[in-house]
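Novice: Coordinates in work19.tsv, TSV, C-alpha atoms, are listed below.
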chain	number	residue	atom	x	y	z
Z	1	MET	CA	-6.39	12.78	14.02
Z	2	CYS	CA	-4.56	9.67	13.00
Z	3	GLU	CA	-2.02	10.91	10.56
Z	4	ALA	CA	1.65	10.05	11.11
Z	5	ALA	CA	5.05	11.46	10.33
Z	6	ALA	CA	7.10	9.58	7.73
Z	7	TYR	CA	10.83	9.34	8.38
Z	8	ILE	CA	13.60	7.92	6.24
Z	9	LEU	CA	15.58	5.36	8.23
Z	10	LYS	CA	19.19	6.00	7.22
Z	11	PRO	CA	21.83	3.23	7.08
Z	12	ASP	CA	23.48	4.73	10.18
Z	13	GLY	CA	20.21	4.52	12.12
Z	14	ARG	CA	19.30	8.20	11.95
Z	15	GLU	CA	15.67	9.06	11.20
Z	16	GLU	CA	15.21	11.97	8.80
Z	17	LEU	CA	11.76	13.56	8.54
Z	18	PHE	CA	10.41	13.17	5.00
Z	19	LEU	CA	6.76	14.28	5.33
Z	20	ALA	CA	4.59	15.23	8.30
Z	21	ASP	CA	0.85	14.61	8.74
Z	22	VAL	CA	0.79	11.68	6.34
Z	23	ASP	CA	-2.56	10.12	5.49
Z	24	ILE	CA	-1.84	7.86	2.51
Z	25	ILE	CA	1.23	5.92	1.41
Z	26	GLU	CA	0.82	3.84	-1.72
Z	27	PRO	CA	2.98	2.28	-4.43
Z	28	ASP	CA	3.57	4.38	-7.55
Z	29	GLY	CA	5.52	2.14	-9.89
Z	30	GLU	CA	8.95	1.64	-8.31
Z	31	ASN	CA	8.29	4.49	-5.88
Z	32	LEU	CA	6.05	5.33	-2.96
Z	33	ARG	CA	3.64	8.21	-3.12
Z	34	LEU	CA	2.87	9.92	0.17
Z	35	VAL	CA	-0.07	12.24	0.60
Z	36	SER	CA	-0.52	14.41	3.68
Z	37	ILE	CA	-3.84	15.36	5.23
Z	38	PHE	CA	-3.29	18.79	3.63
Z	39	GLY	CA	-2.98	17.27	0.15
Z	40	GLU	CA	0.78	17.69	-0.10
Z	41	GLN	CA	2.28	14.88	-2.20
Z	42	LYS	CA	5.82	13.54	-2.19
Z	43	ILE	CA	7.39	10.70	-4.13
Z	44	ILE	CA	10.32	8.62	-2.91
Z	45	LYS	CA	12.03	5.48	-4.16
Z	46	ALA	CA	11.61	3.57	-0.93
Z	47	ASP	CA	9.83	0.78	0.88
Z	48	ILE	CA	7.76	0.99	4.05
Z	49	HIS	CA	10.03	-0.41	6.78
Z	50	SER	CA	7.88	-0.26	9.90
Z	51	LEU	CA	4.98	1.46	11.61
Z	52	ASN	CA	4.34	2.65	15.11
Z	53	LEU	CA	0.83	4.02	14.89
Z	54	ILE	CA	0.32	4.93	18.55
Z	55	ASN	CA	3.49	7.03	18.22
Z	56	HIS	CA	2.31	8.35	14.80
Z	57	LYS	CA	5.47	7.18	13.11
Z	58	VAL	CA	6.19	5.51	9.77
Z	59	LEU	CA	9.74	4.52	8.82
Z	60	LEU	CA	10.78	4.27	5.17
Z	61	VAL	CA	13.97	2.79	3.76
Z	62	GLU	CA	15.32	4.05	0.47
Z	63	LYS	CA	15.80	1.47	-2.28
Z	64	LYS	CA	19.27	0.93	-3.62
Z	65	PRO	CA	19.69	2.66	-7.01
G	10	MET	CA	-6.95	5.98	19.18
G	11	CYS	CA	-4.77	5.67	16.13
G	12	GLU	CA	-4.47	1.98	15.66
G	13	ALA	CA	-5.38	0.48	12.28
G	14	ALA	CA	-6.63	-2.79	10.87
G	15	ALA	CA	-4.15	-4.79	8.82
G	16	TYR	CA	-5.52	-6.57	5.78
G	17	ILE	CA	-3.85	-8.97	3.37
G	18	LEU	CA	-4.30	-7.73	-0.20
G	19	LYS	CA	-4.97	-10.89	-2.20
G	20	PRO	CA	-3.91	-11.30	-5.85
G	21	ASP	CA	-7.57	-11.06	-6.90
G	22	GLY	CA	-7.95	-7.73	-5.08
G	23	ARG	CA	-9.83	-9.00	-2.06
G	24	GLU	CA	-8.79	-7.64	1.34
G	25	GLU	CA	-8.68	-10.24	4.11
G	26	LEU	CA	-8.49	-9.02	7.71
G	27	PHE	CA	-5.27	-10.24	9.33
G	28	LEU	CA	-5.17	-8.32	12.63
G	29	ALA	CA	-7.32	-5.54	14.09
G	30	ASP	CA	-6.21	-2.67	16.32
G	31	VAL	CA	-2.62	-2.78	15.12
G	32	ASP	CA	-0.10	-0.51	16.81
G	33	ILE	CA	3.28	-1.78	15.59
G	34	ILE	CA	4.42	-3.45	12.38
G	35	GLU	CA	8.11	-4.21	12.14
G	36	PRO	CA	10.45	-6.51	10.25
G	37	ASP	CA	11.29	-9.83	11.89
G	38	GLY	CA	13.84	-11.46	9.62
G	39	GLU	CA	12.01	-12.35	6.41
G	40	ASN	CA	8.67	-11.73	8.08
G	41	LEU	CA	6.64	-8.91	9.54
G	42	ARG	CA	5.66	-8.88	13.18
G	43	LEU	CA	2.40	-7.13	14.01
G	44	VAL	CA	1.49	-6.13	17.53
G	45	SER	CA	-1.99	-4.93	18.46
G	46	ILE	CA	-2.78	-2.36	21.14
G	47	PHE	CA	-3.89	-5.33	23.28
G	48	GLY	CA	-0.49	-6.99	22.96
G	49	GLU	CA	-1.61	-9.65	20.50
G	50	GLN	CA	1.23	-10.58	18.14
G	51	LYS	CA	1.06	-12.14	14.70
G	52	ILE	CA	3.80	-13.00	12.23
G	53	ILE	CA	3.37	-13.04	8.48
G	54	LYS	CA	5.72	-13.41	5.54
G	55	ALA	CA	4.65	-10.22	3.83
G	56	ASP	CA	5.55	-6.66	2.96
G	57	ILE	CA	3.67	-3.49	3.81
G	58	HIS	CA	1.89	-2.51	0.60
G	59	SER	CA	0.11	0.72	1.49
G	60	LEU	CA	-1.39	2.79	4.29
G	61	ASN	CA	-4.52	4.84	4.63
G	62	LEU	CA	-4.22	6.21	8.14
G	63	ILE	CA	-7.32	8.39	8.19
G	64	ASN	CA	-9.25	5.25	7.26
G	65	HIS	CA	-7.22	3.21	9.80
G	66	LYS	CA	-6.16	0.74	7.16
G	67	VAL	CA	-2.88	-1.03	6.41
G	68	LEU	CA	-2.57	-3.37	3.42
G	69	LEU	CA	-0.02	-6.19	3.40
G	70	VAL	CA	1.02	-8.34	0.46
G	71	GLU	CA	2.28	-11.85	1.08
G	72	LYS	CA	5.75	-12.66	-0.22
G	73	LYS	CA	6.08	-15.41	-2.79
G	74	PRO	CA	7.39	-18.60	-1.15
Please, can you express the file's structure as structure tokens?
Specialist:
Amino acid sequence: MCEAAAYILKPDGREELFLADVDIIEPDGENLRLVSIFGEQKIIKADIHSLNLINHKVLLVEKKP
Amino acid sequence: MCEAAAYILKPDGREELFLADVDIIEPDGENLRLVSIFGEQKIIKADIHSLNLINHKVLLVEKKP
């Protein structure tokens, strides 16, 4: 399977797991909507920072309020 | 393998292939740097718009100049 885990890249460089087994990430107004392969949905006010698909990793950065 | 194809999402909705077999997408200053599983690198002034990992698809949108 080719899903990935989505992490929030924190200002101090830490990576905090936000959602595992992600299939879809798409804009939802000012936010991103993530959908896992199990249909779980999460919304976050963030941008997609980077991808490492072979390592199944997506990094998000939260938008400033 | 879990690489994806990166397409540029055009203003008219067309999707133009930019790089196949992408492993890594990461910021490079104002640009994005894409690296394929074969080591091919391409730079584009764009943001990551959306992902559909089960369909092996990444959409980019070019930044306004």
Novice: Enter the distance from atom CA of G:Leu62 to atom CA of Z:Phe38, in Å, rounded to one decimal.
Specialist: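 Between these atoms lies a distance of 13.4 Å.
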Novice: Any idea what's packed within 12 Å of G:Leu26, counting all atoms listed in the file, ignoring anything in its chain fewer than 6 positions away? Could you give it as a PyMOL selection string?
Specialist: chain G and resi 13-19+66-70
Novice: Which is closest to G:Glu39 among G:Glu12, G:Glu25, G:Ile63, G:Lys54, if we use only C-alpha atoms?
Specialist: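 Of all the options, G:Lys54 lies closest to G:Glu39.
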Novice: Would you work out the distance separating atom CA of Z:Arg33 from atom CA of G:Pro36, expressed in Å to one decimal?
Specialist: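 So the answer is 21.0 Å.
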Novice: Please produce chain G as a PDB file with C-alpha atoms, keeping the file's coordinate frame once it has been superposed on chain Z, the fit using all Cα atoms paired in sequence order.
Specialist:
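Ended up saving to selection_37.pdb:
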ATOM      1  CA  MET G  10      -6.368  12.787  14.038  1.00  0.00           C
ATOM      2  CA  CYS G  11      -4.551   9.663  12.994  1.00  0.00           C
ATOM      3  CA  GLU G  12      -2.016  10.916  10.559  1.00  0.00           C
ATOM      4  CA  ALA G  13       1.650  10.049  11.116  1.00  0.00           C
ATOM      5  CA  ALA G  14       5.055  11.467  10.318  1.00  0.00           C
ATOM      6  CA  ALA G  15       7.094   9.584   7.739  1.00  0.00           C
ATOM      7  CA  TYR G  16      10.813   9.347   8.373  1.00  0.00           C
ATOM      8  CA  ILE G  17      13.592   7.924   6.226  1.00  0.00           C
ATOM      9  CA  LEU G  18      15.579   5.365   8.223  1.00  0.00           C
ATOM     10  CA  LYS G  19      19.186   6.001   7.214  1.00  0.00           C
ATOM     11  CA  PRO G  20      21.822   3.236   7.078  1.00  0.00           C
ATOM     12  CA  ASP G  21      23.480   4.717  10.179  1.00  0.00           C
ATOM     13  CA  GLY G  22      20.197   4.535  12.111  1.00  0.00           C
ATOM     14  CA  ARG G  23      19.291   8.198  11.944  1.00  0.00           C
ATOM     15  CA  GLU G  24      15.660   9.063  11.198  1.00  0.00           C
ATOM     16  CA  GLU G  25      15.195  11.967   8.790  1.00  0.00           C
ATOM     17  CA  LEU G  26      11.743  13.549   8.531  1.00  0.00           C
ATOM     18  CA  PHE G  27      10.395  13.160   4.994  1.00  0.00           C
ATOM     19  CA  LEU G  28       6.757  14.279   5.317  1.00  0.00           C
ATOM     20  CA  ALA G  29       4.578  15.219   8.292  1.00  0.00           C
ATOM     21  CA  ASP G  30       0.856  14.593   8.738  1.00  0.00           C
ATOM     22  CA  VAL G  31       0.792  11.673   6.327  1.00  0.00           C
ATOM     23  CA  ASP G  32      -2.561  10.118   5.491  1.00  0.00           C
ATOM     24  CA  ILE G  33      -1.836   7.861   2.507  1.00  0.00           C
ATOM     25  CA  ILE G  34       1.230   5.917   1.408  1.00  0.00           C
ATOM     26  CA  GLU G  35       0.833   3.847  -1.724  1.00  0.00           C
ATOM     27  CA  PRO G  36       2.979   2.293  -4.429  1.00  0.00           C
ATOM     28  CA  ASP G  37       3.582   4.372  -7.548  1.00  0.00           C
ATOM     29  CA  GLY G  38       5.535   2.133  -9.890  1.00  0.00           C
ATOM     30  CA  GLU G  39       8.960   1.653  -8.314  1.00  0.00           C
ATOM     31  CA  ASN G  40       8.294   4.475  -5.881  1.00  0.00           C
ATOM     32  CA  LEU G  41       6.056   5.323  -2.969  1.00  0.00           C
ATOM     33  CA  ARG G  42       3.639   8.211  -3.130  1.00  0.00           C
ATOM     34  CA  LEU G  43       2.871   9.922   0.165  1.00  0.00           C
ATOM     35  CA  VAL G  44      -0.076  12.235   0.595  1.00  0.00           C
ATOM     36  CA  SER G  45      -0.516  14.404   3.680  1.00  0.00           C
ATOM     37  CA  ILE G  46      -3.847  15.375   5.222  1.00  0.00           C
ATOM     38  CA  PHE G  47      -3.275  18.807   3.632  1.00  0.00           C
ATOM     39  CA  GLY G  48      -2.977  17.289   0.164  1.00  0.00           C
ATOM     40  CA  GLU G  49       0.787  17.678  -0.084  1.00  0.00           C
ATOM     41  CA  GLN G  50       2.292  14.874  -2.175  1.00  0.00           C
ATOM     42  CA  LYS G  51       5.831  13.540  -2.185  1.00  0.00           C
ATOM     43  CA  ILE G  52       7.402  10.696  -4.131  1.00  0.00           C
ATOM     44  CA  ILE G  53      10.305   8.612  -2.913  1.00  0.00           C
ATOM     45  CA  LYS G  54      12.030   5.481  -4.147  1.00  0.00           C
ATOM     46  CA  ALA G  55      11.623   3.561  -0.923  1.00  0.00           C
ATOM     47  CA  ASP G  56       9.814   0.783   0.879  1.00  0.00           C
ATOM     48  CA  ILE G  57       7.766   0.988   4.053  1.00  0.00           C
ATOM     49  CA  HIS G  58      10.025  -0.402   6.773  1.00  0.00           C
ATOM     50  CA  SER G  59       7.882  -0.262   9.901  1.00  0.00           C
ATOM     51  CA  LEU G  60       4.972   1.458  11.619  1.00  0.00           C
ATOM     52  CA  ASN G  61       4.343   2.638  15.130  1.00  0.00           C
ATOM     53  CA  LEU G  62       0.834   4.025  14.907  1.00  0.00           C
ATOM     54  CA  ILE G  63       0.329   4.943  18.549  1.00  0.00           C
ATOM     55  CA  ASN G  64       3.493   7.023  18.214  1.00  0.00           C
ATOM     56  CA  HIS G  65       2.310   8.334  14.806  1.00  0.00           C
ATOM     57  CA  LYS G  66       5.473   7.175  13.120  1.00  0.00           C
ATOM     58  CA  VAL G  67       6.189   5.511   9.777  1.00  0.00           C
ATOM     59  CA  LEU G  68       9.742   4.533   8.810  1.00  0.00           C
ATOM     60  CA  LEU G  69      10.774   4.274   5.160  1.00  0.00           C
ATOM     61  CA  VAL G  70      13.967   2.788   3.765  1.00  0.00           C
ATOM     62  CA  GLU G  71      15.318   4.053   0.469  1.00  0.00           C
ATOM     63  CA  LYS G  72      15.793   1.473  -2.271  1.00  0.00           C
ATOM     64  CA  LYS G  73      19.284   0.940  -3.615  1.00  0.00           C
ATOM     65  CA  PRO G  74      19.675   2.668  -6.998  1.00  0.00           C
TER      66      PRO G  74
END
Novice: Any chance you could tabulate, as JSON lines, the residues of chain G at most 9 Å from chain Z with each one's nearest atom pair and distance in Å to one decimal, using only C-alpha atoms, in chain and rising number order?
Specialist:
{"residue": "G:Met10", "atom": "CA", "partner": "Z:Ile54", "partner_atom": "CA", "distance": 7.4}
{"residue": "G:Cys11", "atom": "CA", "partner": "Z:Cys2", "partner_atom": "CA", "distance": 5.1}
{"residue": "G:Glu12", "atom": "CA", "partner": "Z:Leu53", "partner_atom": "CA", "distance": 5.7}
{"residue": "G:Ala13", "atom": "CA", "partner": "Z:Leu53", "partner_atom": "CA", "distance": 7.6}
{"residue": "G:Val31", "atom": "CA", "partner": "Z:Leu53", "partner_atom": "CA", "distance": 7.6}
{"residue": "G:Asp32", "atom": "CA", "partner": "Z:Leu53", "partner_atom": "CA", "distance": 5.0}
{"residue": "G:Ile33", "atom": "CA", "partner": "Z:Asn52", "partner_atom": "CA", "distance": 4.6}
{"residue": "G:Ile34", "atom": "CA", "partner": "Z:Leu51", "partner_atom": "CA", "distance": 5.0}
{"residue": "G:Glu35", "atom": "CA", "partner": "Z:Ser50", "partner_atom": "CA", "distance": 4.5}
{"residue": "G:Pro36", "atom": "CA", "partner": "Z:Ser50", "partner_atom": "CA", "distance": 6.8}
{"residue": "G:Leu41", "atom": "CA", "partner": "Z:Ser50", "partner_atom": "CA", "distance": 8.7}
{"residue": "G:Ile46", "atom": "CA", "partner": "Z:Ile54", "partner_atom": "CA", "distance": 8.3}
{"residue": "G:Asp56", "atom": "CA", "partner": "Z:Ile48", "partner_atom": "CA", "distance": 8.0}
{"residue": "G:Ile57", "atom": "CA", "partner": "Z:Ile48", "partner_atom": "CA", "distance": 6.1}
{"residue": "G:His58", "atom": "CA", "partner": "Z:Glu26", "partner_atom": "CA", "distance": 6.8}
{"residue": "G:Ser59", "atom": "CA", "partner": "Z:Glu26", "partner_atom": "CA", "distance": 4.5}
{"residue": "G:Leu60", "atom": "CA", "partner": "Z:Ile25", "partner_atom": "CA", "distance": 5.0}
{"residue": "G:Asn61", "atom": "CA", "partner": "Z:Ile24", "partner_atom": "CA", "distance": 4.6}
{"residue": "G:Leu62", "atom": "CA", "partner": "Z:Asp23", "partner_atom": "CA", "distance": 5.0}
{"residue": "G:Ile63", "atom": "CA", "partner": "Z:Cys2", "partner_atom": "CA", "distance": 5.7}
{"residue": "G:Asn64", "atom": "CA", "partner": "Z:Asp23", "partner_atom": "CA", "distance": 8.5}
{"residue": "G:His65", "atom": "CA", "partner": "Z:Cys2", "partner_atom": "CA", "distance": 7.7}
Novice: What is the atom CA of G:Glu71 to atom CA of Z:Glu62 distance in Å?
Specialist: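 So the two atoms, atom CA of G:Glu71 and atom CA of Z:Glu62, lie 20.6 Å apart.
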Novice: Would you compute the box with edges along x, y and z of the file around stretch 30-47 of chain Z, including every atom the file lists for it and 3 Å extra on each side, and give its centre and edge lengths in Å to one decimal, as lines of an AutoDock Vina configuration file?
Specialist:
center_x = 4.1
center_y = 9.8
center_z = -1.5
size_x = 21.9
size_y = 24.0
size_z = 19.5
Novice: Saving stretch 52-63 of chain G with all heavy atoms, as a tab-separated table (two decimals), in the first residue's frame, what would that file be?
Specialist:
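Wrote result13.tsv, looks like this:
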chain	number	residue	atom	x	y	z
G	52	ILE	N	13.34	21.45	-10.51
G	52	ILE	CA	13.00	22.58	-9.65
G	52	ILE	C	11.81	23.30	-10.26
G	52	ILE	O	11.76	23.46	-11.49
G	52	ILE	CB	14.19	23.56	-9.55
G	52	ILE	CG1	15.44	22.86	-9.01
G	52	ILE	CG2	13.84	24.80	-8.73
G	52	ILE	CD1	15.45	22.60	-7.55
G	53	ILE	N	10.89	23.72	-9.44
G	53	ILE	CA	9.74	24.48	-9.94
G	53	ILE	C	9.31	25.46	-8.88
G	53	ILE	O	9.36	25.16	-7.68
G	53	ILE	CB	8.57	23.54	-10.35
G	53	ILE	CG1	7.42	24.33	-10.95
G	53	ILE	CG2	8.12	22.67	-9.19
G	53	ILE	CD1	6.31	23.45	-11.55
G	54	LYS	N	8.90	26.65	-9.33
G	54	LYS	CA	8.37	27.65	-8.40
G	54	LYS	C	6.89	27.35	-8.19
G	54	LYS	O	6.04	27.82	-8.96
G	54	LYS	CB	8.59	29.06	-8.96
G	54	LYS	CG	8.28	30.15	-7.96
G	54	LYS	CD	8.70	31.52	-8.47
G	54	LYS	CE	8.29	32.59	-7.49
G	54	LYS	NZ	8.68	33.94	-7.95
G	55	ALA	N	6.61	26.53	-7.22
G	55	ALA	CA	5.24	26.04	-7.04
G	55	ALA	C	5.04	25.63	-5.59
G	55	ALA	O	5.98	25.57	-4.80
G	55	ALA	CB	5.00	24.85	-7.95
G	56	ASP	N	3.78	25.40	-5.27
G	56	ASP	CA	3.41	24.82	-3.98
G	56	ASP	C	2.78	23.44	-4.23
G	56	ASP	O	2.30	23.16	-5.33
G	56	ASP	CB	2.37	25.71	-3.27
G	56	ASP	CG	2.96	27.02	-2.82
G	56	ASP	OD1	4.04	27.01	-2.19
G	56	ASP	OD2	2.35	28.07	-3.10
G	57	ILE	N	2.77	22.63	-3.18
G	57	ILE	CA	2.09	21.34	-3.26
G	57	ILE	C	0.61	21.59	-3.01
G	57	ILE	O	0.22	22.08	-1.96
G	57	ILE	CB	2.65	20.34	-2.24
G	57	ILE	CG1	4.15	20.17	-2.42
G	57	ILE	CG2	1.92	18.99	-2.38
G	57	ILE	CD1	4.83	19.38	-1.29
G	58	HIS	N	-0.22	21.29	-3.98
G	58	HIS	CA	-1.66	21.56	-3.89
G	58	HIS	C	-2.39	20.44	-3.17
G	58	HIS	O	-3.13	20.66	-2.22
G	58	HIS	CB	-2.23	21.75	-5.30
G	58	HIS	CG	-3.72	21.92	-5.34
G	58	HIS	ND1	-4.57	20.85	-5.49
G	58	HIS	CD2	-4.50	23.01	-5.25
G	58	HIS	CE1	-5.82	21.29	-5.49
G	58	HIS	NE2	-5.80	22.60	-5.34
G	59	SER	N	-2.18	19.21	-3.63
G	59	SER	CA	-2.92	18.08	-3.06
G	59	SER	C	-2.22	16.78	-3.40
G	59	SER	O	-1.36	16.72	-4.29
G	59	SER	CB	-4.36	18.06	-3.59
G	59	SER	OG	-4.36	18.01	-4.99
G	60	LEU	N	-2.60	15.74	-2.65
G	60	LEU	CA	-2.03	14.41	-2.83
G	60	LEU	C	-3.15	13.40	-2.97
G	60	LEU	O	-4.18	13.51	-2.28
G	60	LEU	CB	-1.22	13.99	-1.60
G	60	LEU	CG	-0.18	14.94	-1.05
G	60	LEU	CD1	0.47	14.30	0.17
G	60	LEU	CD2	0.85	15.24	-2.10
G	61	ASN	N	-2.93	12.41	-3.78
G	61	ASN	CA	-3.79	11.23	-3.79
G	61	ASN	C	-2.84	10.05	-3.89
G	61	ASN	O	-2.42	9.67	-4.99
G	61	ASN	CB	-4.77	11.29	-4.96
G	61	ASN	CG	-5.82	10.22	-4.83
G	61	ASN	OD1	-5.50	9.07	-4.48
G	61	ASN	ND2	-7.07	10.55	-5.09
G	62	LEU	N	-2.46	9.51	-2.73
G	62	LEU	CA	-1.34	8.57	-2.70
G	62	LEU	C	-1.72	7.20	-3.24
G	62	LEU	O	-0.89	6.54	-3.87
G	62	LEU	CB	-0.80	8.47	-1.28
G	62	LEU	CG	-0.20	9.80	-0.78
G	62	LEU	CD1	0.25	9.67	0.66
G	62	LEU	CD2	0.95	10.27	-1.66
G	63	ILE	N	-2.97	6.79	-3.01
G	63	ILE	CA	-3.38	5.49	-3.55
G	63	ILE	C	-3.38	5.54	-5.08
G	63	ILE	O	-3.06	4.55	-5.74
G	63	ILE	CB	-4.78	5.10	-3.00
G	63	ILE	CG1	-4.76	5.04	-1.46
G	63	ILE	CG2	-5.25	3.77	-3.58
G	63	ILE	CD1	-3.74	4.11	-0.86
